[in-house]
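S.K.: For reference, this is input_21.tsv, and it has TSV, C-alpha atoms and all ligand atoms.
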chain	number	residue	atom	x	y	z
A	1	MET	CA	178.49	112.18	99.19
A	2	TYR	CA	176.53	110.44	96.40
A	3	GLN	CA	174.70	113.69	95.56
A	4	ALA	CA	177.99	115.62	95.50
A	5	ALA	CA	179.51	113.02	93.14
A	6	VAL	CA	176.48	113.22	90.78
A	7	PHE	CA	176.68	117.04	90.87
A	8	ILE	CA	180.40	117.00	89.96
A	9	HIS	CA	179.69	114.35	87.27
A	10	LEU	CA	176.97	116.46	85.65
A	11	ALA	CA	178.80	119.80	86.08
A	12	SER	CA	181.90	118.31	84.39
A	13	ALA	CA	179.79	117.01	81.47
A	14	ILE	CA	178.10	120.43	81.10
A	15	ILE	CA	181.41	122.37	81.17
A	16	TRP	CA	183.16	119.95	78.79
A	17	ILE	CA	180.36	119.66	76.22
A	18	GLY	CA	179.27	123.31	76.55
A	19	GLY	CA	182.86	124.53	76.15
A	20	SER	CA	183.48	122.28	73.13
A	21	LEU	CA	180.29	123.48	71.42
A	22	PHE	CA	181.12	127.13	72.20
A	23	LEU	CA	184.56	126.64	70.64
A	24	ALA	CA	183.17	124.91	67.53
A	25	LEU	CA	180.02	126.94	66.94
A	26	VAL	CA	180.96	130.44	68.17
A	27	LEU	CA	184.66	131.09	68.70
A	28	ILE	CA	186.22	129.38	65.67
A	29	PRO	CA	183.68	130.71	63.07
A	30	VAL	CA	183.92	134.28	64.46
A	31	MET	CA	187.73	134.22	64.61
A	32	ARG	CA	187.91	132.93	61.04
A	33	ARG	CA	186.26	136.20	59.92
A	34	PHE	CA	189.26	138.07	61.33
A	35	ALA	CA	191.81	136.03	59.37
A	36	PRO	CA	194.11	138.58	57.67
A	37	ALA	CA	193.85	138.97	53.89
A	38	PRO	CA	197.07	138.05	52.00
A	39	GLY	CA	199.63	140.82	52.48
A	40	GLN	CA	197.60	142.53	55.24
A	41	PRO	CA	198.74	142.78	58.88
A	42	PRO	CA	196.83	140.54	61.34
A	43	VAL	CA	193.88	142.20	63.14
A	44	LEU	CA	194.06	139.92	66.17
A	45	PRO	CA	197.15	138.90	68.17
A	46	PRO	CA	198.87	135.94	66.46
A	47	ASP	CA	197.96	132.50	67.82
A	48	MET	CA	195.01	133.89	69.84
A	49	LEU	CA	192.80	130.95	68.89
A	50	GLY	CA	195.63	128.52	69.69
A	51	MET	CA	196.06	130.09	73.14
A	52	MET	CA	192.34	129.77	73.88
A	53	ALA	CA	192.22	126.20	72.56
A	54	ARG	CA	195.23	125.21	74.73
A	55	ARG	CA	193.61	126.77	77.81
A	56	PHE	CA	190.34	124.94	77.17
A	57	ARG	CA	192.31	121.72	76.63
A	58	VAL	CA	193.43	121.85	80.29
A	59	ILE	CA	189.84	122.43	81.45
A	60	SER	CA	188.48	119.61	79.26
A	61	TRP	CA	191.05	117.07	80.60
A	62	ILE	CA	190.17	118.06	84.17
A	63	CYS	CA	186.48	117.46	83.28
A	64	ILE	CA	187.29	114.06	81.74
A	65	ALA	CA	189.25	113.05	84.87
A	66	LEU	CA	186.37	114.18	87.12
A	67	LEU	CA	183.77	112.33	84.98
A	68	VAL	CA	185.70	109.07	85.12
A	69	ALA	CA	186.55	109.42	88.85
A	70	THR	CA	183.00	110.29	89.96
A	71	GLY	CA	181.47	107.68	87.61
A	72	LEU	CA	183.75	105.00	89.06
A	73	TYR	CA	182.86	106.18	92.59
A	74	ILE	CA	179.07	106.16	91.98
A	75	LEU	CA	178.98	102.67	90.41
A	76	PRO	CA	179.97	100.57	93.46
A	77	THR	CA	178.64	102.91	96.16
A	78	ARG	CA	175.16	103.51	94.71
A	79	TYR	CA	174.58	100.59	92.32
A	80	GLY	CA	176.82	97.88	93.78
A	81	ILE	CA	178.57	97.49	90.43
A	82	GLY	CA	182.21	96.46	90.66
A	83	PHE	CA	184.63	94.94	88.16
A	84	ALA	CA	182.86	91.52	88.09
A	85	GLU	CA	179.35	92.99	87.70
A	86	PHE	CA	180.54	95.34	84.95
A	87	PHE	CA	181.73	92.37	82.84
A	88	SER	CA	178.54	90.36	83.47
A	89	LEU	CA	175.27	90.12	81.53
A	90	GLY	CA	173.57	92.13	84.25
A	91	GLY	CA	170.42	93.51	82.59
A	92	HIS	CA	169.52	96.91	81.13
A	93	PHE	CA	171.63	99.18	83.38
A	94	VAL	CA	174.85	97.18	83.00
A	95	ALA	CA	174.35	96.65	79.25
A	96	VAL	CA	173.87	100.38	78.62
A	97	LEU	CA	176.75	101.17	81.01
A	98	GLN	CA	179.03	98.91	78.93
A	99	VAL	CA	178.06	100.86	75.78
A	100	LYS	CA	178.64	104.15	77.64
A	101	VAL	CA	182.08	103.17	78.94
A	102	ALA	CA	183.08	101.91	75.45
A	103	LEU	CA	182.09	105.30	74.01
A	104	VAL	CA	184.02	107.08	76.80
A	105	VAL	CA	187.15	105.05	75.94
A	106	VAL	CA	186.81	106.01	72.24
A	107	VAL	CA	186.30	109.70	73.12
A	108	ILE	CA	189.32	109.75	75.45
A	109	TRP	CA	191.46	108.07	72.78
A	110	LEU	CA	190.32	110.55	70.08
A	111	SER	CA	190.87	113.50	72.46
A	112	ALA	CA	194.40	112.30	73.23
A	113	MET	CA	195.17	111.88	69.50
A	114	HIS	CA	193.74	115.35	68.78
A	115	ASP	CA	195.34	117.18	71.72
A	116	PHE	CA	198.73	115.49	72.08
A	117	ILE	CA	199.67	113.88	68.74
A	118	ILE	CA	197.98	114.97	65.50
A	119	GLY	CA	197.06	118.54	66.59
A	120	PRO	CA	200.53	119.53	67.87
A	121	HIS	CA	202.16	117.86	64.82
A	122	ALA	CA	199.96	119.92	62.44
A	123	ASN	CA	200.74	123.09	64.45
A	124	ARG	CA	204.49	122.49	64.22
A	125	LEU	CA	204.24	122.07	60.43
A	126	ILE	CA	202.13	125.25	60.12
A	127	GLU	CA	204.64	127.23	62.21
A	128	ALA	CA	207.51	125.90	60.08
A	129	MET	CA	205.58	126.87	56.94
A	130	GLN	CA	205.00	130.39	58.32
A	131	ALA	CA	208.74	130.61	58.98
A	132	GLY	CA	209.35	129.87	55.30
A	133	ALA	CA	209.76	126.07	55.20
A	134	GLU	CA	208.19	124.03	52.39
A	135	PRO	CA	205.00	122.38	53.78
A	136	PRO	CA	204.71	118.61	53.28
A	137	GLY	CA	202.02	117.45	50.82
A	138	TYR	CA	199.99	115.78	53.56
A	139	LEU	CA	199.57	118.98	55.65
A	140	SER	CA	196.09	119.87	54.35
A	141	ALA	CA	194.89	116.27	54.92
A	142	LEU	CA	196.35	116.42	58.43
A	143	ARG	CA	194.55	119.72	59.18
A	144	ARG	CA	191.26	118.25	57.93
A	145	ALA	CA	191.82	115.18	60.12
A	146	VAL	CA	192.35	117.41	63.20
A	147	VAL	CA	189.10	119.29	62.50
A	148	TRP	CA	187.12	116.08	61.84
A	149	ILE	CA	188.42	114.33	64.94
A	150	ALA	CA	187.22	117.33	67.00
A	151	ARG	CA	183.78	117.29	65.31
A	152	VAL	CA	183.27	113.53	65.71
A	153	ASN	CA	184.37	113.83	69.33
A	154	VAL	CA	181.78	116.49	70.17
A	155	LEU	CA	179.04	114.37	68.55
A	156	LEU	CA	180.20	111.31	70.51
A	157	THR	CA	180.11	113.20	73.82
A	158	ILE	CA	176.52	114.25	73.09
A	159	LEU	CA	175.75	110.60	72.26
A	160	ILE	CA	177.24	109.64	75.65
A	161	VAL	CA	174.70	111.94	77.37
A	162	VAL	CA	171.85	110.25	75.44
A	163	VAL	CA	173.20	106.83	76.46
A	164	ALA	CA	173.64	108.01	80.10
A	165	VAL	CA	170.01	109.16	80.34
A	166	THR	CA	168.86	105.86	78.77
A	167	MET	CA	170.97	104.02	81.35
A	168	THR	CA	169.42	105.66	84.40
A	169	ARG	CA	165.89	106.38	83.11
A	170	GLY	CA	165.24	103.57	80.61
A	171	THR	CA	164.38	103.77	76.92
A	172	PRO	CA	161.41	105.92	75.81
A	173	VAL	CA	159.65	102.97	74.10
A	201	LIG	C1	184.10	105.86	82.91
A	201	LIG	C2	183.33	106.91	82.75
A	201	LIG	C3	181.94	107.07	83.32
A	201	LIG	C4	181.26	106.29	84.24
A	201	LIG	C5	181.74	105.05	84.95
A	201	LIG	C6	179.96	106.91	84.43
A	201	LIG	C7	178.97	106.45	85.27
A	201	LIG	C8	177.75	107.07	85.50
A	201	LIG	C9	176.76	106.64	86.47
A	201	LIG	C10	176.91	105.46	87.41
A	201	LIG	C11	175.71	107.48	86.39
A	201	LIG	C12	174.41	107.44	87.23
A	201	LIG	C13	174.42	108.55	88.27
A	201	LIG	C14	173.14	108.54	89.07
A	201	LIG	O1	173.03	107.74	90.01
A	201	LIG	O2	172.23	109.33	88.76
A	201	LIG	C15	176.01	108.46	85.35
A	201	LIG	C16	175.17	109.47	84.95
A	201	LIG	C17	175.43	110.37	83.96
A	201	LIG	N1	176.60	110.45	83.21
A	201	LIG	FE1	178.24	109.28	83.45
A	201	LIG	N2	179.88	108.03	83.62
A	201	LIG	C18	181.06	108.15	82.94
A	201	LIG	C19	181.39	109.13	82.00
A	201	LIG	C20	180.50	110.08	81.53
A	201	LIG	C21	180.79	111.02	80.49
A	201	LIG	C22	182.12	111.11	79.73
A	201	LIG	C23	179.65	111.79	80.31
A	201	LIG	C24	179.39	112.91	79.35
A	201	LIG	C25	180.05	113.17	78.28
A	201	LIG	C26	178.67	111.35	81.25
A	201	LIG	C27	177.41	111.90	81.39
A	201	LIG	C28	176.47	111.48	82.30
A	201	LIG	C29	175.15	112.09	82.46
A	201	LIG	C30	174.60	113.26	81.65
A	201	LIG	C31	174.50	111.39	83.49
A	201	LIG	C32	173.10	111.65	84.06
A	201	LIG	C33	172.07	110.70	83.48
A	201	LIG	C34	170.74	110.85	84.19
A	201	LIG	O3	170.68	111.32	85.32
A	201	LIG	O4	169.73	110.47	83.58
A	201	LIG	N3	179.22	110.30	81.99
A	201	LIG	N4	177.25	108.19	84.83
Please rewrite the model in this file as structure tokens.

M.R.:
Amino acid sequence: MYQAAVFIHLASAIIWIGGSLFLALVLIPVMRRFAPAPGQPPVLPPDMLGMMARRFRVISWICIALLVATGLYILPTRYGIGFAEFFSLGGHFVAVLQVKVALVVVVIWLSAMHDFIIGPHANRLIEAMQAGAEPPGYLSALRRAVVWIARVNVLLTILIVVVAVTMTRGTPV
């Protein structure tokens, strides 16, 4: 059961981080090249990127749920770490675990802001603008914030992997 939990933990991290990097480094840059020139008809179906991003959003939240659930299962069953031990000064493993969980909380909060609050709000304003409404002055700042939250989040998830390896395998020096 422990091995299965570690497998699901690692597979979820791979799918989440791999998918996020594919979106940021491959899909979005390539799709930007197909953005229609002013006055030209769109080459790709409208909202194609949005559809893909929304589909990946479901996958990434499933991965987050699996990471948290398996992590919380492994801690007491394999390492004997419960609520009391987690909040103690319990040596290297617990100290690094505390850093890891703090980073996980930040990443989940940023993901929620990006996926459920700021991102959808920016999308609604863009759709209204495309329908002819006057865009508010803060729209470009909002769009930049959405992009930067996503970038910072990917970097933080990679940092979580570094912290996780340090937790189980110690520091290199
Ligand atoms: C509350 C959330 C989490 C908890 C409680 C948790 C807990 C753990 C534990 C106990 C292990 C050790 C497994 C073992 O016995 O080998 C582990 C390993 C690992 N975790 Fe997490 N984890 C959480 C979230 C995450 C997230 C969000 C990521 C990635 C973004 C992640 C990536 C990893 C990786 C890559 C390892 C393997 C490290 C190694 O084998 O050297 N974890 N985690």

S.K.: Show me, as JSON lines, the residues of chain A having an atom within 6 Å of ligand LIG 201 (chain A), each with the closest atom pair and its distance in Å, using only C-alpha atoms and all ligand atoms.

M.R.:
{"residue": "A:Val6", "atom": "CA", "partner": "A:LIG201", "partner_atom": "C13", "distance": 5.7}
{"residue": "A:Leu10", "atom": "CA", "partner": "A:LIG201", "partner_atom": "C30", "distance": 5.6}
{"residue": "A:Ala13", "atom": "CA", "partner": "A:LIG201", "partner_atom": "C24", "distance": 4.6}
{"residue": "A:Leu67", "atom": "CA", "partner": "A:LIG201", "partner_atom": "C19", "distance": 5.0}
{"residue": "A:Val68", "atom": "CA", "partner": "A:LIG201", "partner_atom": "C2", "distance": 4.0}
{"residue": "A:Gly71", "atom": "CA", "partner": "A:LIG201", "partner_atom": "C6", "distance": 3.6}
{"residue": "A:Leu72", "atom": "CA", "partner": "A:LIG201", "partner_atom": "C5", "distance": 4.6}
{"residue": "A:Ile74", "atom": "CA", "partner": "A:LIG201", "partner_atom": "C10", "distance": 5.1}
{"residue": "A:Leu75", "atom": "CA", "partner": "A:LIG201", "partner_atom": "C10", "distance": 4.6}
{"residue": "A:Val101", "atom": "CA", "partner": "A:LIG201", "partner_atom": "C1", "distance": 5.2}
{"residue": "A:Val104", "atom": "CA", "partner": "A:LIG201", "partner_atom": "C22", "distance": 5.3}
{"residue": "A:Thr157", "atom": "CA", "partner": "A:LIG201", "partner_atom": "C25", "distance": 4.5}
{"residue": "A:Ile160", "atom": "CA", "partner": "A:LIG201", "partner_atom": "C25", "distance": 5.2}
{"residue": "A:Val161", "atom": "CA", "partner": "A:LIG201", "partner_atom": "C30", "distance": 4.5}
{"residue": "A:Ala164", "atom": "CA", "partner": "A:LIG201", "partner_atom": "C33", "distance": 4.6}
{"residue": "A:Val165", "atom": "CA", "partner": "A:LIG201", "partner_atom": "O4", "distance": 3.5}
{"residue": "A:Thr168", "atom": "CA", "partner": "A:LIG201", "partner_atom": "O4", "distance": 4.9}
{"residue": "A:Arg169", "atom": "CA", "partner": "A:LIG201", "partner_atom": "O4", "distance": 5.6}

S.K.: Please tabulate, as a tab-separated table, the residues of range 95-118 of chain A that come within 12 Å of range 139-152 of chain A, each with its closest pair of atoms and the distance in Å to one decimal, counting all atoms listed in the file and ordering rows by chain, then residue number upward.

M.R.:
residue	atom	partner	partner_atom	distance
A:Leu103	CA	A:Val152	CA	11.7
A:Val106	CA	A:Val152	CA	10.6
A:Val107	CA	A:Val152	CA	8.9
A:Ile108	CA	A:Ile149	CA	11.5
A:Trp109	CA	A:Ile149	CA	10.5
A:Leu110	CA	A:Ile149	CA	6.7
A:Ser111	CA	A:Ala150	CA	7.6
A:Ala112	CA	A:Ile149	CA	10.4
A:Met113	CA	A:Ile149	CA	8.5
A:His114	CA	A:Val146	CA	6.1
A:Asp115	CA	A:Val146	CA	9.0
A:Phe116	CA	A:Val146	CA	11.1
A:Ile117	CA	A:Val146	CA	9.8
A:Ile118	CA	A:Val146	CA	6.6

S.K.: Could you check which of A:Val163, A:Leu66, A:Met52, A:Met1 is closest to Ile15 in chain A, using only C-alpha atoms?

M.R.: A:Leu66

S.K.: Choose the residue, out of A:Pro46, A:Gly18, A:Gly137, A:Gly39, that has the smallest atom-to-atom separation from Leu125 in chain A; count all atoms listed in the file.

M.R.: A:Gly137

S.K.: To one decimal place in Å, what is the distance between CA of Leu49 in chain A and CA of Cys63 in chain A?

M.R.: 20.7 Å

S.K.: Name the closest residue to Glu85 in chain A among the candidates A:Leu97, A:Pro172, A:Val162, A:Phe34; distances are taken between atoms, counting only C-alpha atoms.

M.R.: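 Result for the nearest residue to Glu85 in chain A: A:Leu97.
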
S.K.: How many Å separate CA of His121 in chain A from CA of Val154 in chain A?

M.R.: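 Separation between CA of His121 in chain A and CA of Val154 in chain A: 21.1 Å.
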
S.K.: Just checking: using all atoms listed in the file, which residue out of A:Ala95, A:Pro120, A:Ala69, A:Gln40 ends up closest to Ala53 in chain A?

M.R.: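 Smallest separation from Ala53 in chain A among the options: A:Pro120.
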
S.K.: If you measure from CA of Arg124 in chain A to CA of Leu23 in chain A, what distance in Å do you get, rounded to one decimal?

M.R.: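 Value for the CA of Arg124 in chain A-CA of Leu23 in chain A distance: 21.3 Å.
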